[in-house]
>>> print(open('start-v2.tsv').read())   # TSV, N, CA and C atoms
chain	number	residue	atom	x	y	z
R	1	MET	N	-0.38	-5.26	42.11
R	1	MET	CA	0.63	-5.58	43.08
R	1	MET	C	0.77	-4.39	44.02
R	2	GLY	N	1.02	-4.66	45.27
R	2	GLY	CA	1.15	-3.62	46.27
R	2	GLY	C	2.40	-2.77	46.07
R	3	GLY	N	2.45	-1.68	46.77
R	3	GLY	CA	3.60	-0.80	46.67
R	3	GLY	C	4.85	-1.44	47.23
R	4	MET	N	5.96	-0.97	46.77
R	4	MET	CA	7.24	-1.50	47.22
R	4	MET	C	7.55	-0.97	48.62
R	5	GLY	N	7.82	-1.85	49.52
R	5	GLY	CA	8.17	-1.46	50.87
R	5	GLY	C	9.68	-1.49	51.05
R	6	PHE	N	10.09	-1.25	52.25
R	6	PHE	CA	11.51	-1.29	52.57
R	6	PHE	C	11.98	-2.73	52.64
R	7	LEU	N	13.24	-2.94	52.32
R	7	LEU	CA	13.85	-4.24	52.45
R	7	LEU	C	14.23	-4.45	53.92
R	8	THR	N	13.64	-5.48	54.51
R	8	THR	CA	13.87	-5.75	55.93
R	8	THR	C	14.42	-7.16	56.12
R	9	LEU	N	14.66	-7.50	57.36
R	9	LEU	CA	15.15	-8.83	57.68
R	9	LEU	C	14.14	-9.90	57.28
R	10	SER	N	12.87	-9.67	57.57
R	10	SER	CA	11.86	-10.71	57.34
R	10	SER	C	11.42	-10.81	55.89
R	11	ASN	N	11.55	-9.77	55.10
R	11	ASN	CA	11.06	-9.87	53.73
R	11	ASN	C	12.18	-9.95	52.70
R	12	GLY	N	13.42	-9.94	53.13
R	12	GLY	CA	14.50	-10.00	52.16
R	12	GLY	C	15.66	-10.85	52.60
R	13	PHE	N	16.30	-10.45	53.66
R	13	PHE	CA	17.54	-11.10	54.07
R	13	PHE	C	17.32	-12.50	54.63
R	14	LEU	N	16.33	-12.69	55.46
R	14	LEU	CA	16.09	-14.00	56.06
R	14	LEU	C	15.70	-15.06	55.02
R	15	PRO	N	14.76	-14.77	54.10
R	15	PRO	CA	14.44	-15.78	53.07
R	15	PRO	C	15.65	-16.14	52.21
R	16	LEU	N	16.47	-15.17	51.87
R	16	LEU	CA	17.65	-15.46	51.07
R	16	LEU	C	18.67	-16.27	51.87
R	17	ALA	N	18.79	-15.98	53.14
R	17	ALA	CA	19.70	-16.74	53.99
R	17	ALA	C	19.23	-18.19	54.12
R	18	VAL	N	17.92	-18.40	54.20
R	18	VAL	CA	17.37	-19.76	54.26
R	18	VAL	C	17.76	-20.53	53.00
R	19	LEU	N	17.63	-19.90	51.84
R	19	LEU	CA	18.00	-20.56	50.59
R	19	LEU	C	19.49	-20.90	50.55
R	20	LEU	N	20.32	-19.98	51.03
R	20	LEU	CA	21.76	-20.23	51.02
R	20	LEU	C	22.15	-21.35	51.98
R	21	VAL	N	21.53	-21.38	53.15
R	21	VAL	CA	21.82	-22.46	54.11
R	21	VAL	C	21.38	-23.80	53.55
R	22	LEU	N	20.22	-23.84	52.91
R	22	LEU	CA	19.76	-25.08	52.30
R	22	LEU	C	20.69	-25.52	51.17
R	23	ALA	N	21.15	-24.56	50.38
R	23	ALA	CA	22.07	-24.89	49.27
R	23	ALA	C	23.37	-25.47	49.80
R	24	ALA	N	23.82	-25.00	50.93
R	24	ALA	CA	25.07	-25.49	51.51
R	24	ALA	C	24.89	-26.82	52.23
R	25	GLY	N	23.75	-27.05	52.85
R	25	GLY	CA	23.58	-28.22	53.70
R	25	GLY	C	22.87	-29.41	53.10
R	26	MET	N	21.95	-29.18	52.17
R	26	MET	CA	21.16	-30.30	51.66
R	26	MET	C	21.96	-31.36	50.92
R	27	PRO	N	22.96	-31.01	50.11
R	27	PRO	CA	23.73	-32.08	49.45
R	27	PRO	C	24.42	-33.01	50.45
R	28	ALA	N	24.87	-32.48	51.58
R	28	ALA	CA	25.49	-33.31	52.60
R	28	ALA	C	24.48	-34.26	53.22
R	29	VAL	N	23.27	-33.79	53.41
R	29	VAL	CA	22.23	-34.64	54.00
R	29	VAL	C	21.77	-35.70	53.01
R	30	ILE	N	21.58	-35.32	51.75
R	30	ILE	CA	21.05	-36.25	50.75
R	30	ILE	C	22.10	-37.28	50.34
R	31	ALA	N	23.32	-36.82	50.02
R	31	ALA	CA	24.34	-37.74	49.51
R	31	ALA	C	25.15	-38.40	50.62
R	32	GLY	N	25.29	-37.73	51.74
R	32	GLY	CA	26.07	-38.30	52.84
R	32	GLY	C	27.54	-38.44	52.47
R	33	GLN	N	28.20	-39.40	53.07
R	33	GLN	CA	29.61	-39.67	52.80
R	33	GLN	C	29.73	-40.75	51.72
R	34	THR	N	29.18	-40.47	50.58
R	34	THR	CA	29.14	-41.44	49.49
R	34	THR	C	30.49	-41.58	48.81
R	35	LEU	N	30.68	-42.68	48.11
R	35	LEU	CA	31.85	-42.89	47.27
R	35	LEU	C	31.48	-42.79	45.80
R	36	SER	N	30.26	-42.38	45.50
R	36	SER	CA	29.75	-42.35	44.14
R	36	SER	C	29.51	-40.92	43.68
R	37	GLN	N	30.13	-40.56	42.56
R	37	GLN	CA	29.89	-39.25	41.98
R	37	GLN	C	28.46	-39.16	41.44
R	38	VAL	N	27.91	-40.27	40.99
R	38	VAL	CA	26.53	-40.28	40.47
R	38	VAL	C	25.55	-39.98	41.60
R	39	ARG	N	25.75	-40.61	42.74
R	39	ARG	CA	24.86	-40.34	43.89
R	39	ARG	C	24.97	-38.89	44.33
R	40	LEU	N	26.18	-38.33	44.30
R	40	LEU	CA	26.36	-36.93	44.64
R	40	LEU	C	25.65	-36.03	43.63
R	41	ALA	N	25.76	-36.36	42.34
R	41	ALA	CA	25.09	-35.56	41.32
R	41	ALA	C	23.58	-35.61	41.48
R	42	VAL	N	23.04	-36.78	41.80
R	42	VAL	CA	21.60	-36.89	42.05
R	42	VAL	C	21.20	-36.06	43.26
R	43	GLY	N	22.03	-36.08	44.29
R	43	GLY	CA	21.76	-35.26	45.48
R	43	GLY	C	21.76	-33.77	45.16
R	44	VAL	N	22.68	-33.34	44.32
R	44	VAL	CA	22.73	-31.93	43.95
R	44	VAL	C	21.53	-31.55	43.09
R	45	ILE	N	21.13	-32.43	42.19
R	45	ILE	CA	19.95	-32.15	41.35
R	45	ILE	C	18.69	-32.09	42.21
R	46	LEU	N	18.56	-33.01	43.15
R	46	LEU	CA	17.41	-32.97	44.06
R	46	LEU	C	17.43	-31.70	44.91
R	47	THR	N	18.62	-31.28	45.32
R	47	THR	CA	18.75	-30.04	46.09
R	47	THR	C	18.31	-28.85	45.25
R	48	ALA	N	18.73	-28.81	44.00
R	48	ALA	CA	18.34	-27.70	43.12
R	48	ALA	C	16.83	-27.65	42.93
R	49	ALA	N	16.21	-28.81	42.75
R	49	ALA	CA	14.75	-28.85	42.59
R	49	ALA	C	14.05	-28.40	43.88
R	50	ALA	N	14.58	-28.84	45.01
R	50	ALA	CA	13.99	-28.43	46.28
R	50	ALA	C	14.15	-26.94	46.51
R	51	LEU	N	15.31	-26.39	46.17
R	51	LEU	CA	15.52	-24.96	46.33
R	51	LEU	C	14.61	-24.15	45.42
R	52	TRP	N	14.37	-24.65	44.22
R	52	TRP	CA	13.45	-23.99	43.30
R	52	TRP	C	12.05	-23.95	43.90
R	53	ALA	N	11.61	-25.08	44.47
R	53	ALA	CA	10.28	-25.15	45.09
R	53	ALA	C	10.19	-24.30	46.36
R	54	VAL	N	11.23	-24.34	47.18
R	54	VAL	CA	11.23	-23.53	48.40
R	54	VAL	C	11.23	-22.05	48.04
R	55	GLY	N	11.99	-21.68	47.02
R	55	GLY	CA	12.00	-20.29	46.55
R	55	GLY	C	10.62	-19.85	46.08
R	56	ALA	N	9.93	-20.73	45.35
R	56	ALA	CA	8.58	-20.41	44.90
R	56	ALA	C	7.63	-20.25	46.08
R	57	ALA	N	7.77	-21.11	47.08
R	57	ALA	CA	6.91	-21.00	48.27
R	57	ALA	C	7.19	-19.71	49.03
R	58	ILE	N	8.46	-19.36	49.15
R	58	ILE	CA	8.81	-18.11	49.83
R	58	ILE	C	8.24	-16.91	49.08
R	59	LEU	N	8.39	-16.91	47.76
R	59	LEU	CA	7.86	-15.79	46.98
R	59	LEU	C	6.34	-15.72	47.06
R	60	ALA	N	5.68	-16.86	47.00
R	60	ALA	CA	4.22	-16.86	47.13
R	60	ALA	C	3.80	-16.31	48.49
R	61	PHE	N	4.50	-16.71	49.54
R	61	PHE	CA	4.20	-16.21	50.87
R	61	PHE	C	4.41	-14.70	50.95
R	62	GLN	N	5.53	-14.23	50.42
R	62	GLN	CA	5.84	-12.80	50.48
R	62	GLN	C	4.83	-11.99	49.66
R	63	TYR	N	4.46	-12.47	48.47
R	63	TYR	CA	3.47	-11.76	47.67
R	63	TYR	C	2.11	-11.76	48.34
R	64	SER	N	1.72	-12.89	48.96
R	64	SER	CA	0.42	-12.92	49.63
R	64	SER	C	0.41	-12.00	50.84
R	65	ARG	N	1.54	-11.92	51.54
R	65	ARG	CA	1.63	-11.02	52.68
R	65	ARG	C	1.57	-9.55	52.24
R	66	ALA	N	2.19	-9.24	51.12
R	66	ALA	CA	2.21	-7.86	50.65
R	66	ALA	C	0.87	-7.44	50.03
R	67	ASN	N	0.22	-8.38	49.33
R	67	ASN	CA	-1.00	-8.04	48.61
R	67	ASN	C	-2.28	-8.49	49.30
R	68	GLY	N	-2.17	-9.28	50.33
R	68	GLY	CA	-3.35	-9.76	51.03
R	68	GLY	C	-3.89	-11.07	50.49
R	69	ALA	N	-3.45	-11.48	49.31
R	69	ALA	CA	-3.90	-12.74	48.71
R	69	ALA	C	-2.97	-13.08	47.56
R	70	LEU	N	-3.00	-14.34	47.16
R	70	LEU	CA	-2.24	-14.74	45.99
R	70	LEU	C	-3.01	-14.31	44.75
R	71	THR	N	-2.37	-13.54	43.90
R	71	THR	CA	-3.06	-13.00	42.72
R	71	THR	C	-2.62	-13.65	41.43
R	72	GLU	N	-1.62	-14.50	41.47
R	72	GLU	CA	-1.08	-15.13	40.27
R	72	GLU	C	-1.23	-16.64	40.36
R	73	THR	N	-0.96	-17.30	39.22
R	73	THR	CA	-0.95	-18.76	39.23
R	73	THR	C	0.34	-19.25	39.86
R	74	VAL	N	0.37	-20.52	40.18
R	74	VAL	CA	1.54	-21.10	40.84
R	74	VAL	C	2.76	-21.02	39.94
R	75	TRP	N	2.57	-21.21	38.64
R	75	TRP	CA	3.69	-21.22	37.71
R	75	TRP	C	4.45	-19.89	37.72
R	76	VAL	N	3.76	-18.78	37.95
R	76	VAL	CA	4.40	-17.47	38.00
R	76	VAL	C	5.43	-17.43	39.12
R	77	TYR	N	5.12	-18.01	40.26
R	77	TYR	CA	6.05	-18.02	41.38
R	77	TYR	C	7.24	-18.92	41.11
R	78	PHE	N	7.03	-20.01	40.38
R	78	PHE	CA	8.15	-20.86	40.00
R	78	PHE	C	9.06	-20.16	38.99
R	79	ARG	N	8.48	-19.40	38.07
R	79	ARG	CA	9.31	-18.64	37.12
R	79	ARG	C	10.14	-17.59	37.85
R	80	ARG	N	9.53	-16.91	38.78
R	80	ARG	CA	10.26	-15.90	39.55
R	80	ARG	C	11.29	-16.55	40.47
R	81	SER	N	10.98	-17.74	40.96
R	81	SER	CA	11.91	-18.45	41.81
R	81	SER	C	13.15	-18.88	41.03
R	82	ALA	N	13.00	-19.12	39.75
R	82	ALA	CA	14.16	-19.48	38.94
R	82	ALA	C	15.21	-18.37	38.95
R	83	LEU	N	14.77	-17.13	39.06
R	83	LEU	CA	15.71	-16.01	39.14
R	83	LEU	C	16.51	-16.04	40.43
R	84	LEU	N	15.94	-16.62	41.48
R	84	LEU	CA	16.69	-16.75	42.73
R	84	LEU	C	17.86	-17.72	42.59
R	85	GLY	N	17.81	-18.52	41.52
R	85	GLY	CA	18.94	-19.41	41.23
R	85	GLY	C	20.22	-18.65	40.99
R	86	LEU	N	20.12	-17.38	40.63
R	86	LEU	CA	21.32	-16.55	40.49
R	86	LEU	C	22.00	-16.35	41.83
R	87	LEU	N	21.27	-16.51	42.91
R	87	LEU	CA	21.84	-16.40	44.25
R	87	LEU	C	22.36	-17.74	44.74
R	88	TRP	N	21.51	-18.76	44.75
R	88	TRP	CA	21.92	-20.02	45.34
R	88	TRP	C	22.65	-20.94	44.36
R	89	GLY	N	22.55	-20.68	43.07
R	89	GLY	CA	23.22	-21.53	42.07
R	89	GLY	C	24.73	-21.59	42.24
R	90	PRO	N	25.41	-20.44	42.31
R	90	PRO	CA	26.86	-20.50	42.51
R	90	PRO	C	27.26	-21.15	43.83
R	91	VAL	N	26.49	-20.94	44.87
R	91	VAL	CA	26.78	-21.57	46.16
R	91	VAL	C	26.66	-23.09	46.02
R	92	LEU	N	25.61	-23.54	45.36
R	92	LEU	CA	25.42	-24.98	45.15
R	92	LEU	C	26.54	-25.55	44.29
R	93	ALA	N	26.98	-24.81	43.30
R	93	ALA	CA	28.07	-25.28	42.44
R	93	ALA	C	29.37	-25.45	43.23
R	94	VAL	N	29.67	-24.51	44.11
R	94	VAL	CA	30.88	-24.61	44.93
R	94	VAL	C	30.76	-25.78	45.90
R	95	VAL	N	29.59	-25.95	46.49
R	95	VAL	CA	29.37	-27.08	47.40
R	95	VAL	C	29.54	-28.40	46.65
R	96	TRP	N	29.01	-28.46	45.43
R	96	TRP	CA	29.15	-29.67	44.61
R	96	TRP	C	30.63	-29.95	44.35
R	97	LEU	N	31.39	-28.94	43.98
R	97	LEU	CA	32.81	-29.11	43.72
R	97	LEU	C	33.54	-29.61	44.97
R	98	MET	N	33.26	-29.02	46.11
R	98	MET	CA	33.92	-29.43	47.35
R	98	MET	C	33.55	-30.86	47.72
R	99	ARG	N	32.29	-31.21	47.58
R	99	ARG	CA	31.86	-32.56	47.92
R	99	ARG	C	32.40	-33.58	46.92
R	100	ALA	N	32.53	-33.20	45.65
R	100	ALA	CA	33.10	-34.11	44.65
R	100	ALA	C	34.57	-34.37	44.96
R	101	GLN	N	35.28	-33.34	45.41
R	101	GLN	CA	36.66	-33.55	45.82
R	101	GLN	C	36.73	-34.47	47.04
R	102	GLY	N	35.77	-34.35	47.94
R	102	GLY	CA	35.72	-35.24	49.09
R	102	GLY	C	35.47	-36.68	48.69
R	103	VAL	N	34.63	-36.89	47.67
R	103	VAL	CA	34.38	-38.24	47.17
R	103	VAL	C	35.68	-38.84	46.64
R	104	GLU	N	36.40	-38.06	45.84
R	104	GLU	CA	37.65	-38.58	45.28
R	104	GLU	C	38.70	-38.81	46.36
R	105	LYS	N	38.72	-37.98	47.37
R	105	LYS	CA	39.66	-38.18	48.48
R	105	LYS	C	39.34	-39.48	49.22
R	106	ARG	N	38.05	-39.70	49.51
R	106	ARG	CA	37.66	-40.94	50.20
R	106	ARG	C	37.98	-42.16	49.35
R	107	ARG	N	37.78	-42.07	48.03
R	107	ARG	CA	38.11	-43.19	47.15
R	107	ARG	C	39.62	-43.46	47.15
R	108	GLY	N	40.41	-42.38	47.11
R	108	GLY	CA	41.86	-42.54	47.14
R	108	GLY	C	42.34	-43.15	48.44
R	109	LEU	N	41.78	-42.70	49.56
R	109	LEU	CA	42.16	-43.27	50.85
R	109	LEU	C	41.76	-44.73	50.95
R	110	LEU	N	40.61	-45.06	50.40
R	110	LEU	CA	40.15	-46.45	50.41
R	110	LEU	C	41.08	-47.32	49.58
R	111	MET	N	41.51	-46.82	48.41
R	111	MET	CA	42.45	-47.59	47.58
R	111	MET	C	43.79	-47.74	48.29
R	112	ARG	N	44.25	-46.70	48.96
R	112	ARG	CA	45.51	-46.76	49.70
R	112	ARG	C	45.43	-47.79	50.82
R	113	ASP	N	44.31	-47.77	51.55
R	113	ASP	CA	44.16	-48.71	52.67
R	113	ASP	C	44.11	-50.15	52.19
R	114	HIS	N	43.45	-50.40	51.06
R	114	HIS	CA	43.41	-51.76	50.55
R	114	HIS	C	44.76	-52.19	50.02
R	115	GLY	N	45.55	-51.25	49.51
R	115	GLY	CA	46.89	-51.59	49.02
R	115	GLY	C	47.85	-51.92	50.14
R	116	GLU	N	47.72	-51.27	51.29
R	116	GLU	CA	48.61	-51.54	52.42
R	116	GLU	C	48.31	-52.89	53.07
R	117	ARG	N	47.06	-53.34	53.01
R	117	ARG	CA	46.67	-54.58	53.69
R	117	ARG	C	47.10	-55.81	52.89
R	118	GLU	N	47.20	-55.66	51.59
R	118	GLU	CA	47.48	-56.85	50.76
R	118	GLU	C	48.94	-57.13	50.65
>>> encode(input="start-v2.tsv", output="structure tokens")
Amino acid sequence: MGGMGFLTLSNGFLPLAVLLVLAAGMPAVIAGQTLSQVRLAVGVILTAAALWAVGAAILAFQYSRANGALTETVWVYFRRSALLGLLWGPVLAVVWLMRAQGVEKRRGLLMRDHGERE
């Protein structure tokens, strides 16, 4: 493995920011304004899998850029990407909680609206 370089915008902060933005935005895109907690949970699980894969791709790119070529198997990058879950995991958990509260709010408003009409 190549020598350790300085932490810069392109090799550290920007890739991590991409993961955080994806963790915050993907559940909204996948689940939308759903009324189902199950659909939201599936969206969050799909987001976690996508973030794991994107993290592995980012790490593979960074390692190939630093070393000139990919020197490990693909599974090594996925294992290392799992450690990035320490960064995006809590963000995804908070997003899940906020979106789950939104689901319950929409369900409550829908029940209220149906009660007023009858």
>>> atom_distance(input="start-v2.tsv", atom1="CA of Ala69 (chain R)", atom2="CA of Ala56 (chain R)")
15.1 Å
>>> closest_atom_pairs(input="start-v2.tsv", of="region 46-76 of chain R", to="region 20-33 of chain R", cutoff="12 Å", atoms="only C-alpha atoms", output="Markdown table")
| residue | atom | partner | partner_atom | distance |
| --- | --- | --- | --- | --- |
| R:Leu46 | CA | R:Ile30 | CA | 8.3 |
| R:Thr47 | CA | R:Met26 | CA | 6.1 |
| R:Ala48 | CA | R:Ala23 | CA | 7.7 |
| R:Ala49 | CA | R:Ala23 | CA | 10.7 |
| R:Ala50 | CA | R:Leu22 | CA | 9.0 |
| R:Leu51 | CA | R:Ala23 | CA | 7.2 |
| R:Trp52 | CA | R:Ala23 | CA | 10.5 |
| R:Ala53 | CA | R:Leu22 | CA | 11.9 |
| R:Val54 | CA | R:Leu22 | CA | 9.5 |
| R:Gly55 | CA | R:Leu20 | CA | 10.7 |
>>> write_last_selection(input="start-v2.tsv", atoms="N, CA and C atoms", output="JSON list (two decimals), in the frame of the given file")
[["chain", "number", "residue", "atom", "x", "y", "z"],
["R", 46, "LEU", "N", 18.56, -33.01, 43.15],
["R", 46, "LEU", "CA", 17.41, -32.97, 44.06],
["R", 46, "LEU", "C", 17.43, -31.70, 44.91],
["R", 47, "THR", "N", 18.62, -31.28, 45.32],
["R", 47, "THR", "CA", 18.75, -30.04, 46.09],
["R", 47, "THR", "C", 18.31, -28.85, 45.25],
["R", 48, "ALA", "N", 18.73, -28.81, 44.00],
["R", 48, "ALA", "CA", 18.34, -27.70, 43.12],
["R", 48, "ALA", "C", 16.83, -27.65, 42.93],
["R", 49, "ALA", "N", 16.21, -28.81, 42.75],
["R", 49, "ALA", "CA", 14.75, -28.85, 42.59],
["R", 49, "ALA", "C", 14.05, -28.40, 43.88],
["R", 50, "ALA", "N", 14.58, -28.84, 45.01],
["R", 50, "ALA", "CA", 13.99, -28.43, 46.28],
["R", 50, "ALA", "C", 14.15, -26.94, 46.51],
["R", 51, "LEU", "N", 15.31, -26.39, 46.17],
["R", 51, "LEU", "CA", 15.52, -24.96, 46.33],
["R", 51, "LEU", "C", 14.61, -24.15, 45.42],
["R", 52, "TRP", "N", 14.37, -24.65, 44.22],
["R", 52, "TRP", "CA", 13.45, -23.99, 43.30],
["R", 52, "TRP", "C", 12.05, -23.95, 43.90],
["R", 53, "ALA", "N", 11.61, -25.08, 44.47],
["R", 53, "ALA", "CA", 10.28, -25.15, 45.09],
["R", 53, "ALA", "C", 10.19, -24.30, 46.36],
["R", 54, "VAL", "N", 11.23, -24.34, 47.18],
["R", 54, "VAL", "CA", 11.23, -23.53, 48.40],
["R", 54, "VAL", "C", 11.23, -22.05, 48.04],
["R", 55, "GLY", "N", 11.99, -21.68, 47.02],
["R", 55, "GLY", "CA", 12.00, -20.29, 46.55],
["R", 55, "GLY", "C", 10.62, -19.85, 46.08]]
>>> residues_around(input="start-v2.tsv", residues="Leu70 (chain R)", least_positions_apart="5", cutoff="10 Å", atoms="only C-alpha atoms", output="list in words")
Ala60, Phe61, Gln62, Tyr63, Ser64 and Arg65 of chain R
>>> axis_aligned_box(input="start-v2.tsv", around="region 97-104 of chain R", padding_each_side="4 Å", output="AutoDock Vina command-line options")
--center_x 35.0 --center_y -33.9 --center_z 46.4 --size_x 15.3 --size_y 17.9 --size_z 13.4
>>> atom_distance(input="start-v2.tsv", atom1="atom N of Gly12 (chain R)", atom2="atom N of Ala93 (chain R)")
22.4 Å
>>> closest_residue(input="start-v2.tsv", among="R:His114, R:Arg107, R:Gln101, R:Trp96", to="Val42 (chain R)", atoms="only C-alpha atoms")
R:Trp96
>>> select_by_dssp(input="start-v2.tsv", residues="chain R", states="alpha helix (DSSP H)", output="PyMOL selection string")
chain R and resi 14-31+37-67+74-117
>>> atom_distance(input="start-v2.tsv", atom1="atom C of Leu40 (chain R)", atom2="CA of Val74 (chain R)")
28.5 Å
>>> closest_residue(input="start-v2.tsv", among="R:Ala66, R:Leu97, R:Leu59, R:Ala41", to="Leu19 (chain R)", atoms="only C-alpha atoms")
R:Leu59
>>> closest_residue(input="start-v2.tsv", among="R:Leu87, R:Leu35, R:Val44, R:Ala57", to="Leu109 (chain R)", atoms="only C-alpha atoms")
R:Leu35
>>> closest_residue(input="start-v2.tsv", among="R:Gly68, R:Asp113, R:Ala17, R:Gln37", to="Val91 (chain R)", atoms="only C-alpha atoms")
R:Ala17
>>> closest_residue(input="start-v2.tsv", among="R:Pro90, R:Ile58, R:Val95, R:Ile45", to="Ser10 (chain R)", atoms="only C-alpha atoms")
R:Ile58
>>> decode(input="start-v2.tsv", residues="region 57-65 of chain R", atoms="all heavy atoms", output="mmCIF file, in the first residue's frame")
data_model
loop_
_atom_site.group_PDB
_atom_site.id
_atom_site.type_symbol
_atom_site.label_atom_id
_atom_site.label_comp_id
_atom_site.auth_asym_id
_atom_site.auth_seq_id
_atom_site.Cartn_x
_atom_site.Cartn_y
_atom_site.Cartn_z
ATOM 1 N N ALA R 57 -17.153 1.336 -3.475
ATOM 2 C CA ALA R 57 -16.676 1.904 -4.742
ATOM 3 C C ALA R 57 -15.758 3.096 -4.494
ATOM 4 O O ALA R 57 -14.718 3.237 -5.158
ATOM 5 C CB ALA R 57 -17.862 2.316 -5.609
ATOM 6 N N ILE R 58 -16.122 3.932 -3.538
ATOM 7 C CA ILE R 58 -15.277 5.086 -3.210
ATOM 8 C C ILE R 58 -13.920 4.620 -2.690
ATOM 9 O O ILE R 58 -12.875 5.149 -3.092
ATOM 10 C CB ILE R 58 -15.978 6.004 -2.188
ATOM 11 C CG1 ILE R 58 -17.129 6.747 -2.853
ATOM 12 C CG2 ILE R 58 -15.003 6.986 -1.555
ATOM 13 C CD1 ILE R 58 -18.010 7.512 -1.889
ATOM 14 N N LEU R 59 -13.935 3.635 -1.797
ATOM 15 C CA LEU R 59 -12.667 3.131 -1.265
ATOM 16 C C LEU R 59 -11.817 2.487 -2.349
ATOM 17 O O LEU R 59 -10.593 2.679 -2.388
ATOM 18 C CB LEU R 59 -12.934 2.142 -0.132
ATOM 19 C CG LEU R 59 -13.427 2.765 1.168
ATOM 20 C CD1 LEU R 59 -13.807 1.681 2.164
ATOM 21 C CD2 LEU R 59 -12.370 3.671 1.764
ATOM 22 N N ALA R 60 -12.441 1.716 -3.229
ATOM 23 C CA ALA R 60 -11.684 1.101 -4.322
ATOM 24 C C ALA R 60 -11.068 2.179 -5.214
ATOM 25 O O ALA R 60 -9.897 2.069 -5.620
ATOM 26 C CB ALA R 60 -12.595 0.188 -5.139
ATOM 27 N N PHE R 61 -11.832 3.227 -5.509
ATOM 28 C CA PHE R 61 -11.306 4.314 -6.316
ATOM 29 C C PHE R 61 -10.136 5.007 -5.618
ATOM 30 O O PHE R 61 -9.103 5.282 -6.234
ATOM 31 C CB PHE R 61 -12.414 5.330 -6.632
ATOM 32 C CG PHE R 61 -11.920 6.557 -7.324
ATOM 33 C CD1 PHE R 61 -11.543 6.512 -8.653
ATOM 34 C CD2 PHE R 61 -11.814 7.760 -6.637
ATOM 35 C CE1 PHE R 61 -11.080 7.649 -9.294
ATOM 36 C CE2 PHE R 61 -11.348 8.895 -7.269
ATOM 37 C CZ PHE R 61 -10.976 8.840 -8.603
ATOM 38 N N GLN R 62 -10.295 5.288 -4.338
ATOM 39 C CA GLN R 62 -9.237 5.977 -3.596
ATOM 40 C C GLN R 62 -7.975 5.114 -3.499
ATOM 41 O O GLN R 62 -6.861 5.622 -3.637
ATOM 42 C CB GLN R 62 -9.718 6.361 -2.185
ATOM 43 C CG GLN R 62 -10.813 7.382 -2.166
ATOM 44 C CD GLN R 62 -10.359 8.753 -2.648
ATOM 45 O OE1 GLN R 62 -9.193 9.041 -2.774
ATOM 46 N NE2 GLN R 62 -11.327 9.606 -2.923
ATOM 47 N N TYR R 63 -8.142 3.813 -3.237
ATOM 48 C CA TYR R 63 -6.982 2.932 -3.176
ATOM 49 C C TYR R 63 -6.301 2.802 -4.526
ATOM 50 O O TYR R 63 -5.073 2.773 -4.619
ATOM 51 C CB TYR R 63 -7.378 1.551 -2.650
ATOM 52 C CG TYR R 63 -7.434 1.475 -1.157
ATOM 53 C CD1 TYR R 63 -8.647 1.526 -0.480
ATOM 54 C CD2 TYR R 63 -6.278 1.335 -0.397
ATOM 55 C CE1 TYR R 63 -8.711 1.465 0.891
ATOM 56 C CE2 TYR R 63 -6.328 1.264 0.980
ATOM 57 C CZ TYR R 63 -7.547 1.326 1.621
ATOM 58 O OH TYR R 63 -7.605 1.259 2.992
ATOM 59 N N SER R 64 -7.094 2.720 -5.612
ATOM 60 C CA SER R 64 -6.474 2.608 -6.935
ATOM 61 C C SER R 64 -5.745 3.892 -7.304
ATOM 62 O O SER R 64 -4.702 3.860 -7.950
ATOM 63 C CB SER R 64 -7.524 2.268 -7.991
ATOM 64 O OG SER R 64 -8.381 3.360 -8.217
ATOM 65 N N ARG R 65 -6.300 5.027 -6.894
ATOM 66 C CA ARG R 65 -5.639 6.300 -7.157
ATOM 67 C C ARG R 65 -4.332 6.424 -6.367
ATOM 68 O O ARG R 65 -3.333 6.919 -6.881
ATOM 69 C CB ARG R 65 -6.583 7.442 -6.804
ATOM 70 C CG ARG R 65 -6.233 8.729 -7.506
ATOM 71 C CD ARG R 65 -7.297 9.746 -7.287
ATOM 72 N NE ARG R 65 -7.033 10.380 -5.995
ATOM 73 C CZ ARG R 65 -7.734 11.364 -5.478
ATOM 74 N NH1 ARG R 65 -8.793 11.787 -6.112
ATOM 75 N NH2 ARG R 65 -7.422 11.896 -4.338
#
